[in-house]
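Inspection log for the structure reproduced underneath, given as structure tokens.
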Amino acid sequence: MAEQRRDQRDGRGARESAGIAGEARRRSVRADEAHAWGALVATARRTVSDGLVVGTSGNVSVRVGDTVLVTPSGVPYDRLAPADTVGVDLDGRQVLGTLLPTSELPMHLAVYRSTDAHAVVHTHAVHATAVSTLVPELPSVHYMSGALGGPVRVAPYATYGTEELAENMLQALADRSACLLQNHGTIAYGTSLDQAFDRTAQLEWMCRLWLTASSVPGLSPTLLTGEQVAEAGERLRGYGQGGARRGEGGEG
């Protein structure tokens, strides 16, 4: 009994020492990070208000230099404040904040290490998740597939938060800026939070469109060819007032 108490006491001391060391490695939030955190929280809240996530499902991140700011695990977005800033380095070591980063951190870091992304949005959008259970690739029912690099692939299922899922995602993202995660949801990245969010919303819309069109009895949606999608993608690169910097859209 005394031995058990000693083990518990020693273990508690080790945890406290580790906590102190961990705090020592962390630093204060810089001005550019505080600004980026505000934009990240606004984007995370928008995923809820636009129906792309329910509760605390999904997550958002933004890169500021070599630091990745990311939503914390299990905290409702409407409760996040400046003092809740969470940041990690590209190896996943926490350098800002005390809240735990999202459990999907491996996916976010894999994107930043492998692409020129400055922002990542992951959701459990209902129509996109439904499509991920039906096909290995979203059929090219609309030319906006071109804005994502081509037909959107579905990454094979793996347990959330694992390196296996991150690897499956990277393969599906090859030459693409978004993909579906089988029986899970979506992930999209961009040069800004606005662009990453826009690509996420466009993907959910295309999935809803395909599900709607393919539900008509006796009829099948007309699909675009690879060449048509590629041509649209080229035209969309220069679309709008600021081109790709301000996200993609359609006509107008």
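Starting from 1 in every chain, residues are counted up; chains themselves are A, B, ... following the order of the structure tokens, and ligands are numbered from 1 as listed.
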Practice task
Just the residues within 8 Å of segment 233-235 of chain A, please, counting only C-alpha atoms, with nothing from its chain fewer than 3 positions along; format it as JSON, numbers by chain.
Solution key: {"A": [143, 144, 145, 146, 147, 148, 149, 150, 229, 230, 238, 239]}
Grab the residues selected above and save them as an mmCIF file, in the first residue's frame with C-alpha atoms.
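What follows is the written file part-v8.cif:
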data_model
loop_
_atom_site.group_PDB
_atom_site.id
_atom_site.type_symbol
_atom_site.label_atom_id
_atom_site.label_comp_id
_atom_site.auth_asym_id
_atom_site.auth_seq_id
_atom_site.Cartn_x
_atom_site.Cartn_y
_atom_site.Cartn_z
ATOM 1 C CA TYR A 143 -17.078 22.759 -63.810
ATOM 2 C CA MET A 144 -16.120 23.990 -60.320
ATOM 3 C CA SER A 145 -14.249 20.689 -59.982
ATOM 4 C CA GLY A 146 -11.606 22.527 -61.993
ATOM 5 C CA ALA A 147 -11.140 25.051 -59.183
ATOM 6 C CA LEU A 148 -10.011 22.187 -56.942
ATOM 7 C CA GLY A 149 -7.499 20.827 -59.464
ATOM 8 C CA GLY A 150 -9.758 18.238 -61.094
ATOM 9 C CA VAL A 229 -12.910 20.325 -66.221
ATOM 10 C CA ALA A 230 -9.272 21.194 -66.956
ATOM 11 C CA GLY A 238 -7.698 34.327 -63.124
ATOM 12 C CA TYR A 239 -11.313 34.745 -61.984
#
If you take only C-alpha atoms and a cut-off of 10 Å, which residues of segment 145-207 of chain A touch segment 63-75 of chain A, and what are their nearest atom pairs and distances in Å to one decimal, in chain and number order, as a Markdown table?
| residue | atom | partner | partner_atom | distance |
| --- | --- | --- | --- | --- |
| A:Thr191 | CA | A:Arg63 | CA | 9.5 |
| A:Ser192 | CA | A:Arg63 | CA | 9.1 |
| A:Leu193 | CA | A:Arg63 | CA | 9.7 |
Next, dump the selected residues to file, keeping only all heavy atoms, as a short mmCIF file (atom, residue, chain, number, x, y, z; two decimals), in the first residue's frame.
data_model
loop_
_atom_site.label_atom_id
_atom_site.label_comp_id
_atom_site.auth_asym_id
_atom_site.auth_seq_id
_atom_site.Cartn_x
_atom_site.Cartn_y
_atom_site.Cartn_z
N THR A 191 -4.45 29.40 -50.01
CA THR A 191 -3.45 30.40 -49.65
C THR A 191 -3.94 31.34 -48.57
O THR A 191 -3.18 32.16 -48.07
CB THR A 191 -3.06 31.23 -50.90
OG1 THR A 191 -4.24 31.84 -51.42
CG2 THR A 191 -2.45 30.34 -51.98
N SER A 192 -5.21 31.23 -48.21
CA SER A 192 -5.80 32.04 -47.14
C SER A 192 -6.96 31.27 -46.52
O SER A 192 -7.45 30.29 -47.10
CB SER A 192 -6.31 33.37 -47.70
OG SER A 192 -7.40 33.14 -48.58
N LEU A 193 -7.41 31.73 -45.36
CA LEU A 193 -8.58 31.12 -44.74
C LEU A 193 -9.81 31.27 -45.62
O LEU A 193 -10.61 30.34 -45.73
CB LEU A 193 -8.82 31.76 -43.36
CG LEU A 193 -7.90 31.30 -42.24
CD1 LEU A 193 -7.95 32.28 -41.08
CD2 LEU A 193 -8.26 29.90 -41.77
#
Problem - Residues near Arg113 of chain A, cut-off 10 Å, only C-alpha atoms, skip fewer than 5 positions along chain, as a PyMOL selection string - result: chain A and resi 90-91+108
Problem - Contact residues around segment 164-168 of chain A with only C-alpha atoms at 12 Å, ignoring same-chain residues under 6 positions, as an MDAnalysis selection string - result: chainID A and resid 103:114 153:158 174 179:185 187
Exercise for the section: Write down as a PyMOL selection string the residues of segment 103-204 of chain A whose backbone DSSP state falls under strand (DSSP E). Expected result: chain A and resi 119-123+154-155+178-181+185-190
Practice task
Just list the residues in segment 25-202 of chain A DSSP gives helix (DSSP H, G or I) on the backbone, as an MDAnalysis selection string.
Solution key: chainID A and resid 25 31:49 77:79 82:84 105:114 126:132 143:148 163:173 193:202
Quick one: contact table of segment 166-235 of chain A to segment 119-127 of chain A, 9 Å max, nearest atom pair and distance in Å to one decimal per residue, counting only C-alpha atoms, chain and number order, as a Markdown table?
| residue | atom | partner | partner_atom | distance |
| --- | --- | --- | --- | --- |
| A:His184 | CA | A:His124 | CA | 6.3 |
| A:Gly185 | CA | A:His124 | CA | 4.2 |
| A:Thr186 | CA | A:Thr123 | CA | 5.3 |
| A:Ile187 | CA | A:His122 | CA | 4.4 |
| A:Ala188 | CA | A:Val121 | CA | 5.5 |
| A:Tyr189 | CA | A:Val120 | CA | 4.3 |
| A:Gly190 | CA | A:Ala119 | CA | 5.5 |
| A:Thr191 | CA | A:Ala119 | CA | 6.2 |
| A:Ser192 | CA | A:Ala119 | CA | 5.4 |
| A:Leu193 | CA | A:Ala119 | CA | 5.2 |
| A:Asp194 | CA | A:Ala119 | CA | 8.5 |
| A:Gln195 | CA | A:Ala119 | CA | 8.2 |
| A:Ala196 | CA | A:Val120 | CA | 5.9 |
| A:Phe197 | CA | A:Val121 | CA | 6.2 |
| A:Arg199 | CA | A:Val121 | CA | 8.9 |
| A:Thr200 | CA | A:Val121 | CA | 7.0 |
| A:Ala201 | CA | A:Ala125 | CA | 8.9 |
| A:Glu204 | CA | A:His127 | CA | 6.1 |
| A:Trp205 | CA | A:His127 | CA | 7.9 |
| A:Met206 | CA | A:His127 | CA | 8.8 |
| A:Cys207 | CA | A:His127 | CA | 5.6 |
| A:Arg208 | CA | A:His127 | CA | 5.3 |
| A:Leu209 | CA | A:His127 | CA | 9.0 |
| A:Leu211 | CA | A:His127 | CA | 7.6 |
Exercise for the section: One decimal, Å: what's the distance from atom CA of Gly87 of chain A over to atom CA of Ala39 of chain A, could you say? Expected result: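 Atom CA of Ala39 of chain A lies 14.2 Å from atom CA of Gly87 of chain A.
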Handout entry: Between atom CA of Val216 of chain A and atom CA of Glu137 of chain A, distance in Å (one decimal)
Key = 20.1 Å
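The closest residue to Gly38 of chain A, picked from A:Gly58, A:Val86, A:Pro76, A:Ala81 and counting only C-alpha atoms, is A:Ala81.
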Exercise for the section: Could you check how far atom CA of Ala42 of chain A sits from atom CA of Val29 of chain A, in Å to one decimal? Expected result: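 Those two atoms sit 18.0 Å apart.
Distances from A:Val60, A:Val152, A:Ala83, A:Ala178 to Leu96 of chain A were compared using only C-alpha atoms, and the smallest one belongs to A:Ala83.
Among the candidate residues A:Thr129, A:Gln94, A:Thr115, A:Asp32, the one lying nearest to Val53 of chain A is A:Thr129, with distances computed using only C-alpha atoms.
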Practice task
Could you give me, as a PyMOL selection string, the residues within 8 Å of Tyr77 of chain A, counting only C-alpha atoms and dropping anything in the same chain fewer than 4 positions from it?
Solution key: chain A and resi 41+44-45+56
Practice task
Rank A:Ser140, A:Ala213, A:Val88, A:Gln171 by their smallest atom-to-atom distance to Gln228 of chain A, using only C-alpha atoms, and report the top residue only.
Solution key: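 Of all the options, A:Ser140 lies closest to Gln228 of chain A.
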